[in-house]
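Chemist: First the structure, which I've put down as structure tokens, then a few questions once you've had a look.
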Amino acid sequence: MLCAPSIGSIVRPRVIVNAAMSVDGKIAFRDGQRARLSNEEDGQRVHRLRGRVDAILVGVGTVLKDDPKLTAKPEVADRNPLRIVLDSDGRTPAGARVLDGQAPTLIVTSEACERTFARAEVLRCGKEEVDLGALLDRLGGRGIGTLLVEGGSTVIWSFLRAGLVDELKVFVGSLVLGGRSAPTLAGGQGVASLSESIRLSLDRSERLGDGIVLEYSVVR
């Protein structure tokens, strides 16, 4: 299915970025492998959040490194959201857990990609890479009201840079990972000056065990 231009007054989903990081802003080890930064209390919070949103999104890099299920635990949520993978070149492995059939899955590729996937719908959106704005239009058109973006760092930065994020929820664990090459919360090229930075407003903070959750809204 190709990602056609938006028609009429489509309401885009509310986009929530959720992530966990160390005190020094790292989300993984220096080799890029996942570090468990959330504690048990934060894990419960994340699964409750997944159960409240309509869709959850990650990039294919997260699928390749972490092989997440992107489902909500039944003891804290009574439904699973739509699972979305940004995968411009169609690199999602056939055995990835997002293709296990336990919840609906949408693989979003570029129009140049021709691959199809068992147990997943395919949406081709953007010429050479996924067009995020057009994707949100299409998701809004199919009734997706809230979209949870869980990573990785390049995907988070792409949404922030494009001005598409409404909320940012960050769990800060009480540990330091260090490393100049270790991935940070927002990757990508970054900005060259404070005038280009993404401005946030701190709305709420809550201590969870030995960590803290910071909840921000994006200043428009």
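Chain labels A, B, ... are given in the sequence in which chains occur in the structure tokens; within each chain residues are numbered consecutively from 1, and ligands are likewise numbered from 1 in the order shown.
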Where does DSSP see alpha helix (DSSP H) in segment 2-218 of chain A, if you list the residues as a PyMOL selection string?

Modeler: chain A and resi 40-52+60-66+132-141+153-161

Chemist: Need the shell around Ser174 of chain A: protein/DNA/RNA residues with any atom at most 12 Å away, counting only C-alpha atoms. Skip same-chain ones fewer than 6 positions apart. Format as a PyMOL selection string?

Modeler: chain A and resi 20-26+36-39+207-213

Chemist: May I have the residues within 12 Å of Asp78 of chain A as a PyMOL selection string, using only C-alpha atoms and disregarding those fewer than 2 positions away in the same chain?

Modeler: chain A and resi 47-53+71-76+80-81

Chemist: Atom CA of Leu214 of chain A and atom CA of Val172 of chain A, how far apart in Å?

Modeler: 7.7 Å

Chemist: To one decimal in Å, tell me the separation between atom CA of Asp87 of chain A and atom CA of Val130 of chain A.

Modeler: 7.7 Å

Chemist: With a distance cut-off of 9 Å and only C-alpha atoms, select the neighbouring residues of Val149 of chain A, excluding the residue or stretch itself and same-chain residues fewer than 5 positions from it, and output the selection as a list in words.

Modeler: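 Using only C-alpha atoms, the neighbours found are Val15, Ile16, Val17, Asn18, Ala19, Ala55, Ile56, Leu57, Val58, Val155, Ile156 and Phe159 of chain A.
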
Chemist: Which residue out of A:Pro68, A:Pro93, A:Gly101, A:Gly188 has the minimum interatomic distance to Glu121 of chain A when only C-alpha atoms are used?

Modeler: A:Gly101

Chemist: So, with only C-alpha atoms as the atoms that count, which of A:Arg30, A:Arg142, A:Arg204, A:Arg124 lies closest to Pro183 of chain A?

Modeler: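 Result for the nearest residue to Pro183 of chain A: A:Arg30.
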
Chemist: Restricting the calculation to only C-alpha atoms, which member of A:Thr105, A:Leu200, A:Leu148, A:Leu2 is positioned closest to Cys125 of chain A?

Modeler: A:Leu2

Chemist: Hey, what does DSSP flag as strand (DSSP E or B) within chain A? Can you give it to me as a short mmCIF file (atom, residue, chain, number, x, y, z; two decimals) with C-alpha atoms, in the first residue's frame?

Modeler:
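Output below, filename selection.cif:
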```cif
data_model
loop_
_atom_site.label_atom_id
_atom_site.label_comp_id
_atom_site.auth_asym_id
_atom_site.auth_seq_id
_atom_site.Cartn_x
_atom_site.Cartn_y
_atom_site.Cartn_z
CA LEU A 2 1.39 3.39 -1.00
CA ARG A 14 -0.76 12.80 19.49
CA VAL A 15 2.88 11.68 19.58
CA ILE A 16 4.43 10.61 22.89
CA VAL A 17 8.12 9.76 23.11
CA ASN A 18 8.97 7.40 25.96
CA ALA A 19 12.51 6.37 26.85
CA ALA A 20 14.82 5.39 29.67
CA MET A 21 18.32 6.77 30.09
CA LYS A 26 22.90 7.23 27.59
CA ALA A 28 22.67 1.82 25.55
CA ARG A 34 20.63 -2.43 24.96
CA ALA A 55 -0.01 2.42 18.34
CA ILE A 56 3.63 1.96 19.34
CA LEU A 57 6.53 2.71 17.00
CA VAL A 58 10.22 1.83 16.80
CA GLY A 59 12.86 1.95 14.10
CA LEU A 82 -0.79 -1.55 16.77
CA ARG A 83 2.94 -2.27 16.38
CA ILE A 84 4.72 -0.05 13.83
CA VAL A 85 8.27 -0.49 12.53
CA LEU A 86 9.99 2.24 10.49
CA THR A 105 1.85 -5.04 12.96
CA LEU A 106 2.51 -2.37 10.34
CA ILE A 107 5.89 -2.25 8.57
CA VAL A 108 6.48 1.18 7.01
CA THR A 109 8.98 1.22 4.13
CA GLU A 121 0.63 -5.02 6.77
CA VAL A 122 3.05 -2.97 4.66
CA LEU A 123 2.75 0.76 4.05
CA ARG A 124 5.14 2.38 1.57
CA THR A 146 -2.14 8.40 20.16
CA LEU A 147 1.25 7.14 18.96
CA LEU A 148 3.97 6.02 21.37
CA VAL A 149 7.51 6.35 19.97
CA GLU A 167 5.03 14.80 24.91
CA LEU A 168 8.31 13.37 26.17
CA LYS A 169 8.42 10.93 29.10
CA VAL A 170 11.90 10.01 30.33
CA PHE A 171 12.86 7.62 33.09
CA VAL A 172 16.29 8.50 34.52
CA THR A 184 22.09 9.11 23.77
CA LEU A 200 10.48 21.56 26.50
CA SER A 201 8.24 22.42 29.43
CA LEU A 202 8.53 20.22 32.53
CA ASP A 203 4.99 19.23 33.50
CA ARG A 204 5.51 16.54 36.12
CA SER A 205 8.11 14.46 37.92
CA GLU A 206 7.68 11.28 39.94
CA ARG A 207 10.15 9.16 41.85
CA LEU A 208 9.95 5.47 40.98
CA GLY A 211 14.90 6.50 39.57
CA ILE A 212 12.71 9.36 38.45
CA VAL A 213 10.27 9.92 35.61
CA LEU A 214 10.29 13.35 33.99
CA GLU A 215 7.30 14.31 31.86
CA TYR A 216 7.59 17.18 29.39
CA SER A 217 5.43 18.84 26.77
CA VAL A 218 7.09 20.26 23.66
#
```

Chemist: Would you compute the distance between atom CA of Val46 of chain A and atom CA of Arg138 of chain A? Give it in Å to one decimal.

Modeler: 25.4 Å

Chemist: Choose the residue, out of A:Ile10, A:Ala94, A:Ala4, A:Ile198, that has the smallest atom-to-atom separation from Gly140 of chain A; count only C-alpha atoms.

Modeler: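 Of A:Ile10, A:Ala94, A:Ala4, A:Ile198, the one nearest Gly140 of chain A, counting only C-alpha atoms, is A:Ile10.
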
Chemist: Between A:Ala120, A:Val176, A:Val219, A:Ala96, which one has atoms that come closest to Val63 of chain A, using only C-alpha atoms?

Modeler: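 For Val63 of chain A, the nearest of the candidates is A:Ala96.
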
Chemist: Counting only C-alpha atoms, which residue out of A:Leu99, A:Leu160, A:Leu194, A:Leu139 sits closest to Arg119 of chain A?

Modeler: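 For Arg119 of chain A, the nearest of the given residues is A:Leu99.
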
Chemist: Might you pull out every residue within 10 Å of Gln189 of chain A, with only C-alpha atoms counted and same-chain residues fewer than 4 positions away left off, and present them as an MDAnalysis selection string?

Modeler: chainID A and resid 154 157:158 161
